[in-house]
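Trainee: Sharing a structure, written as structure tokens. Questions coming.
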Protein chains: 4
Amino acid sequence: MRILIRGGTVVTATGAAAAAVLIDGETVAALLEPAHTGALAASADRIIDASGRYVLPGGVDVHTHLDMPWGDTFSADNFESGTRAAAWGGTTSIIDFAVQDKGGSLRQALDGWHAKADGKASIDYGFHMIISDVTGQSLREMDGLAGEGVTSFKLFMAYPGRLYSTDGEILLAMRRAAGNGAIVMMHAENGIAIDALIAQALAAGHTDPGWHGRTRPPELEGEATARAIQLARVAGAPLYIAHLSAREALAAVTRARDAGGDVFAETCPQYLYLSQDDLDAPGFEGAKYVCSPPPRPAEHRADLWRGLRTNDLSIVSTDHCPFCVKEKELGRGDFSKIPNGVPGIEHRIDLLHQGVADGKLSLARWVEVSSTTPARMFGLYPRKGTIAPGSDADIVIYDPSARHVLSARTHHMAVDYSAYEGLPVQGKVITVLSRGEILVEAGSWRGRAGHGRYLPRGECQYLT
Amino acid sequence: MRILIRGGTVVTATGAAAAAVLIDGETVAALLEPAHTGALAASADRIIDASGRYVLPGGVDVHTHLDMPWGDTFSADNFESGTRAAAWGGTTSIIDFAVQDKGGSLRQALDGWHAKADGKASIDYGFHMIISDVTGQSLREMDGLAGEGVTSFKLFMAYPGRLYSTDGEILLAMRRAAGNGAIVMMHAENGIAIDALIAQALAAGHTDPGWHGRTRPPELEGEATARAIQLARVAGAPLYIAHLSAREALAAVTRARDAGGDVFAETCPQYLYLSQDDLDAPGFEGAKYVCSPPPRPAEHRADLWRGLRTNDLSIVSTDHCPFCVKEKELGRGDFSKIPNGVPGIEHRIDLLHQGVADGKLSLARWVEVSSTTPARMFGLYPRKGTIAPGSDADIVIYDPSARHVLSARTHHMAVDYSAYEGLPVQGKVITVLSRGEILVEAGSWRGRAGHGRYLPRGECQYLT
Amino acid sequence: MRILIRGGTVVTATGAAAAAVLIDGETVAALLEPAHTGALAASADRIIDASGRYVLPGGVDVHTHLDMPWGDTFSADNFESGTRAAAWGGTTSIIDFAVQDKGGSLRQALDGWHAKADGKASIDYGFHMIISDVTGQSLREMDGLAGEGVTSFKLFMAYPGRLYSTDGEILLAMRRAAGNGAIVMMHAENGIAIDALIAQALAAGHTDPGWHGRTRPPELEGEATARAIQLARVAGAPLYIAHLSAREALAAVTRARDAGGDVFAETCPQYLYLSQDDLDAPGFEGAKYVCSPPPRPAEHRADLWRGLRTNDLSIVSTDHCPFCVKEKELGRGDFSKIPNGVPGIEHRIDLLHQGVADGKLSLARWVEVSSTTPARMFGLYPRKGTIAPGSDADIVIYDPSARHVLSARTHHMAVDYSAYEGLPVQGKVITVLSRGEILVEAGSWRGRAGHGRYLPRGECQYLT
Amino acid sequence: MRILIRGGTVVTATGAAAAAVLIDGETVAALLEPAHTGALAASADRIIDASGRYVLPGGVDVHTHLDMPWGDTFSADNFESGTRAAAWGGTTSIIDFAVQDKGGSLRQALDGWHAKADGKASIDYGFHMIISDVTGQSLREMDGLAGEGVTSFKLFMAYPGRLYSTDGEILLAMRRAAGNGAIVMMHAENGIAIDALIAQALAAGHTDPGWHGRTRPPELEGEATARAIQLARVAGAPLYIAHLSAREALAAVTRARDAGGDVFAETCPQYLYLSQDDLDAPGFEGAKYVCSPPPRPAEHRADLWRGLRTNDLSIVSTDHCPFCVKEKELGRGDFSKIPNGVPGIEHRIDLLHQGVADGKLSLARWVEVSSTTPARMFGLYPRKGTIAPGSDADIVIYDPSARHVLSARTHHMAVDYSAYEGLPVQGKVITVLSRGEILVEAGSWRGRAGHGRYLPRGECQYLT
């Protein structure tokens, strides 16, 4: 099957230009100057007209939690619904998190997540591994997993008793990663101090969702981020800060990067668009916005947008981890029991394009933070993250002028509310291809569960 | 004429991948996945085998001074010899500086430089305009020049009485640039204070070339850089710091960029490789390394390499401004009379690739700082700075393993010494094409004076 | 004449304690534990009861402009009215500025200012020297003046054509000061750039007093401050920043001090209490607040109070330079013609005590910034700036509970308006002694013109 | 008993001046101008001639560990020998640390330390309380202890399993302190990470004392310091960083102080004079220098001296905690078993005066960091820390010209080695008085065990 996409403007991380894209099977066969498409057009099985539209490399969302257990429940999207929603939103690769059980092996965890995804995913997927039990065995297993393409390991400075690792364990894991070419990702919040604040708040009768934010103050994310950076320096290891939300954390990352450190950070749409005000919504509404770190006081958002421009924030991922309203209800009367996470996998590309429309990001930077850098950071480039000969034909045709409104009534995620209900955005995904197969077209779903394949990954491409 | 370059690894600012490049006439017609070149190969007039080699977008050197008057003499390379040497070194576009005469018009200056280049250049060239006389007329002329593709204007905080502008004049020019879409480039050294130091040094009998460095201390570059940044903030204008050499200046740029300012900086190979020690060479040898700002104490160099990694230094240009030894002799007995400038137009790509070989830069970053970012910064992208359909077919085939030694005996610049005499480097330019014409091949010059054309430029592409 | 002050709380720069002070003639003979005053009380000619009150070292105001020429007029207070008002407000020493004429000698200037003060001043006074013409002669004269106790020289980066020095001249003067033990004080605003802004504003028809502030933006004070610091580094000289008003300038000072530099700064009450809003008062009212640097946007004030706490601002002086309303009228229709300066010599101690009452400064810090540090900074300690055996008996008895309202109707300065009209303050000067003579007592003036003497000064005591 | 000290130069935190000091009983009755001592001299029981000497407020050492248990042993000095040695060195007040037992109460700890000191000390002493077990009970006890004059509580981020508190416990204790007017002192090293490094080092066969330093890298002190600062911000509490040794920690303190935070820090002579090189001394010699934090690589020392000048380091204490060589031997073959601590209580004043002689500190600053600020910081001023009417007559007569050599052969501490063996210093204590009693005179000990009294303390005097 040969598909020719012509008439559009190909946008990459460095700029935009008119070009046609010839797909042969699963990969890009050629990029063509518009006047040179004639001969090839003849040989194409199908021609897609992208006039007036952008032709983008498919989005790469490096932070999702599909089918993830949380207490007795699971996040609302499994690999079928979640990857489908992703594709609707222009994302054609995800990296999800396999979670080691306390006492379990990394191998078991990885096998488990392969089973969750296999045959279900409609887009390609890789795995990071969450280490929740740093032991001699799990450290040794890191080497093997890196060899299988799991080249990133997430640790938690939050959630004592569950996912939390001590600073000593973190140091050991970082040193191991430094040795096997992997990178450590960090949930950087001081969970020990936070738990003390939570206990004090509950004891004082503060149970509303807004207290989720107040018991996780920005200083404790800034602190943990700075701590992770120093541990990485001691270990001689690179570091990736997940879901950075607070200006104090950004300041720590900026200082480290100015000094030339291999420190990278992502933020998420919820931190660019939501705030503590949403957590403080009347009644129990705020529960919808409960995630960790929490949306910050509104004045943090301008700092995050600035960080995206300065590249102190290199990536926007979603930390997609949706729970339906009835699950959120578990925390009524005790904010600390609200399942953590907001939906977002479908809206990342649009929410960032709104930043382009608002003059906050350039067109090239939009593609860079949502596709190219994620692919380079996590060892998928140039297979993913660009439109180039030989790359996977993961392509999004995007209408920069279309306007629509985000809403649970229209979204494709298996969660019964939207974190951005009623928000108008400019720009819309029109057509989506994954390895040459059309997933979305003309407002219809053409994809299929099982099309998606596991993506073994190489090393981070920002280390010299 | 259709040329197919195949077998090589195309390197761009985001990474490297195997691909073939089809050139049709002056531009790139297609990029092809290697297995898809068969049919096209048949139609090619010529096939170049790039096996084992990099295929790079031609280098873009945004800071050269060809045929430039200095007192009663001129820089040693005119547009014929200078652009030829550039091409030998893998640079296929330059932006040279037209210089307004005191009392003269910008128009006269631009016409004069067009005359210098026209029919002589073997590669494409654009012009920045040096404003040495900020008047109501020259401010008004800025708008017109911007419309002709001269979208950058250089001002000097150094050289009082010659090129120097006052802070008030700078502010006016910046405001004008902010209004017409141009960017101001700055020679940021405090020339007023420097002249006082020079007078003191000469009065104290210090006449050797080493005193060129000592009378232009790093603090006075740091100061001027910080001043230019504040003036730009007041003017609401972007700013480009030329030939940054001192860690103090880098610190000022870093602070401004961390704060989200539209402040950019370049450095030059002489600051990455030379130092005050060279200025202090025995006898009058140090004169060879006299340029402004001067090479700094050796410890500054690691900071500059770090700045290249962190993108606080976005570009490497050469500030190529060579004078033969007999011209340098004008300053024997008075270092302040030594013509300022070092040769470098031919060696930029190799000297930076040595940084790749040394693990200081990644492959993608090498292309980014020497080609892609210069083109984006000064409004030439995607015509220059990348290999993409529709781009000018300015292409360099580069052997990353070849080793050679820099020397005046072998270089192609019209200057009788090398600033890097005897320096071994890894990596070598093999073949060079400019708009589809072969300039360098098999160790021979195939180019011709007059092939090069004027490049009208658009706006800086880093402003949102 | 022996005077015993007893019953009060002696406050110094390190703290407060109950103690009696015995004065014998012009100096302090003893400090006594309260229970030990009995025998001495018998021998005292006079006993002053200070129960419930603070006993303070007399204030030292290191920045005044009495009888200062400005165009065709003079500042409203001469040495008689000005020093009397100072004493009413608890200040018993001032350092005024002698001003070199363009083309004149420092000697002439100093003689002229001696003549202005001699026989007029009711409190002791020293002189800084303003160098408005840096020449070989004036540089040489610096040494002699330092030997006569004029150990500080002020230069201007503002006011081109009048007081302005170039960066080269500044460097020469700093080097001279570094050699003769003096310190350079700087008016740090970029006057060259400001004049360009003023010309643009006037050309655009902006003539109101508010534009005085808008054409002297904080960035241009920050810039000049940073520049002065770098020049001082090059010169190897200490630096004192006069009348710091902008957070950008404070940031530059903070960076320099963090690095261990001998950089010091003062602010003034007008920057702690007034703002751009005052300049923007309706009609021509804003002219009353025109001084340079101008009062800044209100949010700068919290930074200045913080700087006072952190000691990045070491001193509060007044820059007292009052002009009556009719003089201010000279600038109606052209803000740039409004004589620069606000009255304040009388209110400094009270306005800072209000900071103590508001919890912004500690009691000890109040005395430190208004008396002790000024005396140490400018070589007057321990003669001035403390209450200690042998020190001049310059003593203020202060009621920390009394409340009054600042107003032109009640102040003693020879200016017909108050910059703080109607402002209620807590704390009031009750009794003032200068070298053992009572100047103010029971709401009456007991001092006399001619009591004040010239204070030759030693070196700055903060240099190690 | 009335003693008159005359002929000397009284040095305080703000400067020096000739003055006589009259002592009546335990306190200072008067400070007298030299010419006014005649009458009083007649009434004095004793006159001490201090000609050519400094008269100083007695030193205040706020960090000592006398009679402190460490495993099965105790620090070598008890309150008798330790306070005697302190007095020999010019220190007349100490604040020692009572240590809560795990499971024990603060009350028991305080009672225990009172018993250790009572009847033994020859100089006055206060207590900080080390909380090693943060429980509801110990938090409640904090209030009571603060009321008894124990207004400072030390917590440990190091020594897991022994003195370590979690970040949650720290937060609780800080909040309690914020409520009762006390201040939290912090041992800021990341003990959790350090223990991991120690385990790795020992596993790798690294057992020498030098590895004590290498397993406690400066980054982990910098990290913990920054963490403590953020926890204090969250708690709204002031913070005192004990024994700061690393430039990374100093940078964190500097940032916090620049922002106006109530963050204070001390350093110790061992960090100003020793280095990792001492830990790496041949054989087991390095054990003598084992303390925590460890002496740092030599280049950190200049930063610490600079911090003393900039007041980012406000105090120099000793952390005196000596162990004899045979105790140090416990760690032969396992550096982690070497008892931590170096002797220093006797040499602090001399080692800092050497800094004065070397031009690193001013005379006034010497007194400030060793006496006045410690007294103000911990609520002892003006009883201690100055020479003023009503203050305790704790006075040191000091010869600034005398030279001597530090050595275990001559020191008075009950430890069989000196950390500064053979170091020549300029300046020597001649006479020492504590509350009017002579302790040291003419090279002889005149003091007595039991003269020293408990010092209940007030609040920190730097909080506004």
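Naming scheme: A, B, ... for chains in displayed order of the structure tokens; residues 1 onward per chain; ligands 1 onward as shown.
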Quick one: residues within 9 Å of His114 of chain B, only C-alpha atoms counted, chain neighbours fewer than 3 positions away excluded, as JSON, numbers by chain?
Mentor: {"B": [98, 109, 110, 111, 117, 118, 127, 454]}
Trainee: For the interface of chain D with chain A (cut-off 8 Å, counting only C-alpha atoms), please tabulate each contacting residue of chain D alongside its nearest pair of atoms and their separation in Å to one decimal, rows sorted by chain and increasing number, as a tab-separated table.
Mentor:
```
residue	atom	partner	partner_atom	distance
D:Thr166	CA	A:Ile192	CA	7.2
D:Asp167	CA	A:Ala193	CA	5.1
D:Gly168	CA	A:Ala193	CA	4.0
D:Glu169	CA	A:Ala196	CA	7.5
D:Leu171	CA	A:Ala193	CA	6.7
D:Leu172	CA	A:Ala196	CA	7.5
D:Ile192	CA	A:Gly168	CA	5.3
D:Ala193	CA	A:Gly168	CA	4.0
D:Ile194	CA	A:Gly168	CA	7.2
D:Asp195	CA	A:Gly168	CA	7.0
D:Ala196	CA	A:Gly168	CA	5.0
D:Leu197	CA	A:Gly168	CA	7.7
D:Pro217	CA	A:Val234	CA	7.5
D:Glu219	CA	A:Gln230	CA	5.8
D:Leu220	CA	A:Gln230	CA	6.9
D:Glu223	CA	A:Arg227	CA	5.5
D:Ala224	CA	A:Arg227	CA	7.7
D:Ala226	CA	A:Glu223	CA	7.0
D:Arg227	CA	A:Glu223	CA	5.5
D:Gln230	CA	A:Glu219	CA	5.8
D:Leu231	CA	A:Leu220	CA	7.5
D:Arg233	CA	A:Glu219	CA	7.6
D:Val234	CA	A:Glu219	CA	6.9
```
Trainee: Using only C-alpha atoms, find the one residue out of D:Gly260, D:Pro389, D:Gly58, D:Gly447 that sits nearest to Leu32 of chain C.
Mentor: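 Under the stated criterion, the closest residue is D:Pro389.
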Trainee: Identify, on the basis of only C-alpha atoms, every residue whose closest approach to Ala302 of chain C does not exceed 12 Å; exclude the query and any residue fewer than 3 positions from it along the same chain; express the result as a list in words.
Mentor: Ser245, Ala246, Arg247, Leu250, Tyr271, Leu272, Tyr273, Leu274, Ser275, Arg296, Pro297, Ala298, Glu299, Trp305, Arg306, Gly307, Leu308, Arg309, Gly355 and Lys360 of chain C; Ala259 and Gly260 of chain D
Trainee: Given the selection you just returned, output its residues as a file containing C-alpha atoms, formatted as a short mmCIF file (atom, residue, chain, number, x, y, z; two decimals), in the first residue's frame.
Mentor:
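Saved to out-v9.cif:
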```
data_model
loop_
_atom_site.label_atom_id
_atom_site.label_comp_id
_atom_site.auth_asym_id
_atom_site.auth_seq_id
_atom_site.Cartn_x
_atom_site.Cartn_y
_atom_site.Cartn_z
CA SER C 245 15.66 52.66 44.25
CA ALA C 246 15.00 49.75 41.86
CA ARG C 247 14.83 46.04 42.45
CA LEU C 250 19.29 45.68 44.27
CA TYR C 271 11.96 54.95 47.79
CA LEU C 272 10.57 53.15 50.83
CA TYR C 273 7.42 55.28 51.00
CA LEU C 274 6.69 56.91 47.64
CA SER C 275 6.05 55.40 44.21
CA ARG C 296 9.48 53.30 41.46
CA PRO C 297 6.31 51.30 40.85
CA ALA C 298 4.93 50.40 44.25
CA GLU C 299 5.98 46.75 44.14
CA TRP C 305 12.66 46.80 52.87
CA ARG C 306 13.90 43.25 52.40
CA GLY C 307 17.26 44.60 51.25
CA LEU C 308 17.50 46.62 54.43
CA ARG C 309 17.01 43.45 56.43
CA GLY C 355 9.39 50.47 59.92
CA LYS C 360 9.92 45.49 59.15
CA ALA D 259 15.21 36.14 49.56
CA GLY D 260 14.84 37.53 53.07
#
```
Trainee: Run DSSP on the backbone and grab whatever in segment 58-172 of chain D lands in helix (DSSP H, G or I); send it over as a short mmCIF file (atom, residue, chain, number, x, y, z; two decimals) with N, CA and C atoms, in the first residue's frame.
Mentor:
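Final file, part24.cif:
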```cif
data_model
loop_
_atom_site.label_atom_id
_atom_site.label_comp_id
_atom_site.auth_asym_id
_atom_site.auth_seq_id
_atom_site.Cartn_x
_atom_site.Cartn_y
_atom_site.Cartn_z
N PHE D 79 32.48 18.53 81.64
CA PHE D 79 32.23 19.96 81.83
C PHE D 79 33.35 20.63 82.62
N GLU D 80 34.10 19.87 83.38
CA GLU D 80 35.19 20.51 84.12
C GLU D 80 36.35 20.82 83.18
N SER D 81 36.84 19.79 82.53
CA SER D 81 38.00 20.03 81.66
C SER D 81 37.62 20.88 80.46
N GLY D 82 36.44 20.66 79.95
CA GLY D 82 36.04 21.36 78.73
C GLY D 82 35.85 22.84 78.96
N THR D 83 35.18 23.20 80.03
CA THR D 83 34.96 24.63 80.25
C THR D 83 36.27 25.31 80.65
N ARG D 84 37.11 24.58 81.31
CA ARG D 84 38.42 25.16 81.66
C ARG D 84 39.21 25.46 80.39
N ALA D 85 39.25 24.50 79.50
CA ALA D 85 39.96 24.71 78.24
C ALA D 85 39.34 25.86 77.46
N ALA D 86 38.01 25.93 77.49
CA ALA D 86 37.32 27.03 76.80
C ALA D 86 37.82 28.36 77.35
N ALA D 87 37.85 28.46 78.67
CA ALA D 87 38.27 29.71 79.30
C ALA D 87 39.72 30.04 78.93
N TRP D 88 40.58 29.07 78.93
CA TRP D 88 41.97 29.30 78.51
C TRP D 88 42.00 29.93 77.11
N LEU D 106 12.34 14.66 76.95
CA LEU D 106 13.25 15.82 76.91
C LEU D 106 13.62 16.21 78.34
N ARG D 107 12.67 16.09 79.22
CA ARG D 107 12.90 16.44 80.62
C ARG D 107 14.06 15.64 81.20
N GLN D 108 13.98 14.30 81.00
CA GLN D 108 15.07 13.45 81.49
C GLN D 108 16.40 13.89 80.92
N ALA D 109 16.39 14.19 79.64
CA ALA D 109 17.64 14.57 78.99
C ALA D 109 18.18 15.85 79.61
N LEU D 110 17.31 16.81 79.77
CA LEU D 110 17.77 18.09 80.31
C LEU D 110 18.28 17.91 81.74
N ASP D 111 17.53 17.14 82.53
CA ASP D 111 17.98 16.89 83.89
C ASP D 111 19.35 16.24 83.89
N GLY D 112 19.51 15.30 82.99
CA GLY D 112 20.80 14.60 82.92
C GLY D 112 21.94 15.55 82.60
N TRP D 113 21.68 16.44 81.69
CA TRP D 113 22.78 17.36 81.33
C TRP D 113 23.04 18.40 82.42
N HIS D 114 21.97 18.79 83.09
CA HIS D 114 22.19 19.67 84.25
C HIS D 114 23.10 18.96 85.25
N ALA D 115 22.87 17.71 85.45
CA ALA D 115 23.68 16.96 86.42
C ALA D 115 25.14 16.86 85.97
N LYS D 116 25.33 16.73 84.67
CA LYS D 116 26.70 16.66 84.17
C LYS D 116 27.46 17.97 84.43
N ALA D 117 26.73 19.08 84.30
CA ALA D 117 27.40 20.39 84.32
C ALA D 117 27.48 20.97 85.73
N GLY D 136 4.47 12.93 69.94
CA GLY D 136 3.53 13.90 70.48
C GLY D 136 4.03 14.44 71.81
N GLN D 137 4.59 13.54 72.62
CA GLN D 137 5.07 13.99 73.92
C GLN D 137 6.24 14.95 73.81
N SER D 138 7.21 14.56 72.98
CA SER D 138 8.39 15.43 72.92
C SER D 138 8.03 16.78 72.30
N LEU D 139 7.08 16.77 71.37
CA LEU D 139 6.64 18.06 70.81
C LEU D 139 6.03 18.93 71.90
N ARG D 140 5.19 18.32 72.71
CA ARG D 140 4.58 19.11 73.78
C ARG D 140 5.62 19.61 74.78
N GLU D 141 6.60 18.75 75.06
CA GLU D 141 7.65 19.17 76.01
C GLU D 141 8.45 20.36 75.52
N MET D 142 8.51 20.53 74.19
CA MET D 142 9.29 21.66 73.65
C MET D 142 8.83 22.98 74.26
N ASP D 143 7.51 23.12 74.42
CA ASP D 143 7.00 24.39 74.94
C ASP D 143 7.54 24.65 76.35
N GLY D 144 7.50 23.63 77.16
CA GLY D 144 7.97 23.81 78.53
C GLY D 144 9.45 24.14 78.58
N LEU D 145 10.23 23.43 77.79
CA LEU D 145 11.66 23.69 77.81
C LEU D 145 11.98 25.11 77.33
N ALA D 146 11.25 25.54 76.30
CA ALA D 146 11.49 26.91 75.84
C ALA D 146 11.26 27.87 76.99
N GLY D 147 10.24 27.58 77.80
CA GLY D 147 9.97 28.43 78.96
C GLY D 147 11.07 28.39 80.02
N ASP D 167 11.68 13.82 57.44
CA ASP D 167 11.25 15.16 57.03
C ASP D 167 9.89 15.51 57.62
N GLY D 168 9.06 14.52 57.80
CA GLY D 168 7.76 14.78 58.43
C GLY D 168 7.92 15.18 59.88
N GLU D 169 8.80 14.48 60.59
CA GLU D 169 9.05 14.83 61.99
C GLU D 169 9.67 16.22 62.10
N ILE D 170 10.58 16.50 61.18
CA ILE D 170 11.21 17.82 61.18
C ILE D 170 10.16 18.90 61.01
N LEU D 171 9.26 18.67 60.09
CA LEU D 171 8.21 19.65 59.83
C LEU D 171 7.37 19.89 61.10
N LEU D 172 7.05 18.82 61.77
CA LEU D 172 6.26 18.97 63.00
C LEU D 172 7.03 19.75 64.06
#
```
Trainee: Hey, what's within 8 Å of segment 6-9 of chain C if we count only C-alpha atoms and toss same-chain stuff fewer than 6 positions away? As a PyMOL selection string, please?
Mentor: chain C and resi 16-21+34+47-55
Trainee: Write the residues you've just listed into a file as a short mmCIF file (atom, residue, chain, number, x, y, z; two decimals), in the first residue's frame, and include all heavy atoms for each of them.
Mentor:
```cif
data_model
loop_
_atom_site.label_atom_id
_atom_site.label_comp_id
_atom_site.auth_asym_id
_atom_site.auth_seq_id
_atom_site.Cartn_x
_atom_site.Cartn_y
_atom_site.Cartn_z
N ALA C 16 19.66 46.64 72.85
CA ALA C 16 19.20 47.67 73.77
C ALA C 16 19.41 47.24 75.21
O ALA C 16 19.29 46.05 75.53
CB ALA C 16 17.71 47.94 73.53
N ALA C 17 19.73 48.19 76.06
CA ALA C 17 19.87 47.89 77.49
C ALA C 17 19.72 49.17 78.29
O ALA C 17 20.06 50.26 77.81
CB ALA C 17 21.23 47.25 77.77
N ALA C 18 19.26 49.01 79.51
CA ALA C 18 19.15 50.16 80.40
C ALA C 18 20.54 50.64 80.76
O ALA C 18 21.40 49.85 81.14
CB ALA C 18 18.38 49.77 81.66
N ALA C 19 20.80 51.92 80.65
CA ALA C 19 22.11 52.47 81.03
C ALA C 19 21.98 53.98 81.13
O ALA C 19 21.13 54.60 80.50
CB ALA C 19 23.18 52.10 80.01
N ALA C 20 22.87 54.52 81.93
CA ALA C 20 22.97 55.98 82.01
C ALA C 20 24.18 56.43 81.21
O ALA C 20 25.14 55.68 81.05
CB ALA C 20 23.11 56.41 83.46
N VAL C 21 24.10 57.67 80.72
CA VAL C 21 25.20 58.21 79.93
C VAL C 21 25.69 59.49 80.61
O VAL C 21 24.89 60.41 80.84
CB VAL C 21 24.74 58.54 78.50
CG1 VAL C 21 25.90 59.08 77.67
CG2 VAL C 21 24.12 57.32 77.85
N PRO C 34 22.64 51.36 85.65
CA PRO C 34 21.74 52.27 86.36
C PRO C 34 22.03 52.40 87.85
O PRO C 34 22.01 53.51 88.40
CB PRO C 34 20.35 51.66 86.09
CG PRO C 34 20.50 51.02 84.75
CD PRO C 34 21.90 50.49 84.70
N ILE C 47 20.93 66.78 85.09
CA ILE C 47 20.45 65.41 84.93
C ILE C 47 19.22 65.43 84.04
O ILE C 47 18.30 66.23 84.25
CB ILE C 47 20.10 64.78 86.30
CG1 ILE C 47 21.39 64.69 87.14
CG2 ILE C 47 19.45 63.42 86.11
CD1 ILE C 47 21.16 64.20 88.54
N ILE C 48 19.27 64.60 83.02
CA ILE C 48 18.11 64.49 82.13
C ILE C 48 17.47 63.13 82.36
O ILE C 48 18.14 62.10 82.31
CB ILE C 48 18.55 64.62 80.66
CG1 ILE C 48 19.16 66.00 80.40
CG2 ILE C 48 17.37 64.35 79.73
CD1 ILE C 48 19.71 66.18 78.99
N ASP C 49 16.20 63.17 82.60
CA ASP C 49 15.48 61.92 82.85
C ASP C 49 14.95 61.37 81.52
O ASP C 49 14.17 62.03 80.84
CB ASP C 49 14.31 62.18 83.80
CG ASP C 49 13.50 60.91 84.03
OD1 ASP C 49 14.05 59.79 83.83
OD2 ASP C 49 12.32 61.03 84.41
N ALA C 50 15.40 60.17 81.17
CA ALA C 50 14.98 59.57 79.90
C ALA C 50 14.09 58.36 80.12
O ALA C 50 14.02 57.45 79.29
CB ALA C 50 16.22 59.19 79.09
N SER C 51 13.41 58.33 81.21
CA SER C 51 12.55 57.18 81.54
C SER C 51 11.54 56.91 80.43
O SER C 51 10.90 57.84 79.93
CB SER C 51 11.78 57.45 82.84
OG SER C 51 12.70 57.63 83.89
N GLY C 52 11.44 55.67 80.07
CA GLY C 52 10.48 55.28 79.04
C GLY C 52 10.92 55.65 77.64
O GLY C 52 10.16 55.51 76.69
N ARG C 53 12.14 56.09 77.52
CA ARG C 53 12.60 56.55 76.21
C ARG C 53 13.88 55.85 75.78
O ARG C 53 14.58 55.27 76.59
CB ARG C 53 12.80 58.06 76.25
CG ARG C 53 11.44 58.72 76.35
CD ARG C 53 11.49 60.18 76.63
NE ARG C 53 10.10 60.68 76.62
CZ ARG C 53 9.73 61.86 77.05
NH1 ARG C 53 10.62 62.70 77.56
NH2 ARG C 53 8.46 62.23 76.98
N TYR C 54 14.10 55.93 74.50
CA TYR C 54 15.35 55.41 73.96
C TYR C 54 16.41 56.51 74.01
O TYR C 54 16.12 57.69 73.80
CB TYR C 54 15.18 55.02 72.49
CG TYR C 54 14.23 53.87 72.23
CD1 TYR C 54 13.51 53.82 71.04
CD2 TYR C 54 14.07 52.83 73.14
CE1 TYR C 54 12.64 52.78 70.76
CE2 TYR C 54 13.20 51.78 72.87
CZ TYR C 54 12.49 51.76 71.69
OH TYR C 54 11.64 50.73 71.42
N VAL C 55 17.61 56.08 74.27
CA VAL C 55 18.76 56.98 74.17
C VAL C 55 19.61 56.47 73.01
O VAL C 55 20.15 55.35 73.06
CB VAL C 55 19.57 56.98 75.49
CG1 VAL C 55 20.77 57.90 75.38
CG2 VAL C 55 18.65 57.38 76.64
#
```
Trainee: Mind checking which residues fall within 12 Å of Val396 of chain A, counting only C-alpha atoms, ignoring those fewer than 3 positions away in the same chain, and posting them as a ChimeraX atom specification?
Mentor: /A:5,8-12,21,48,50,53-60,86-93,349,367,371,385-387,393,399-400,428-441
Trainee: Name the residues in contact with Ala182 of chain B at a cut-off of 9 Å, using only C-alpha atoms, excluding same-chain residues fewer than 5 positions from it; report them as a list in words.
Mentor: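 Here the answer would be Met142, Asp143, Ala146, Val150, Thr151, Ser152, Phe153, Met174, Arg176, Ala177, Ala237, Pro238, Gly458, Glu459 and Cys460 of chain B.
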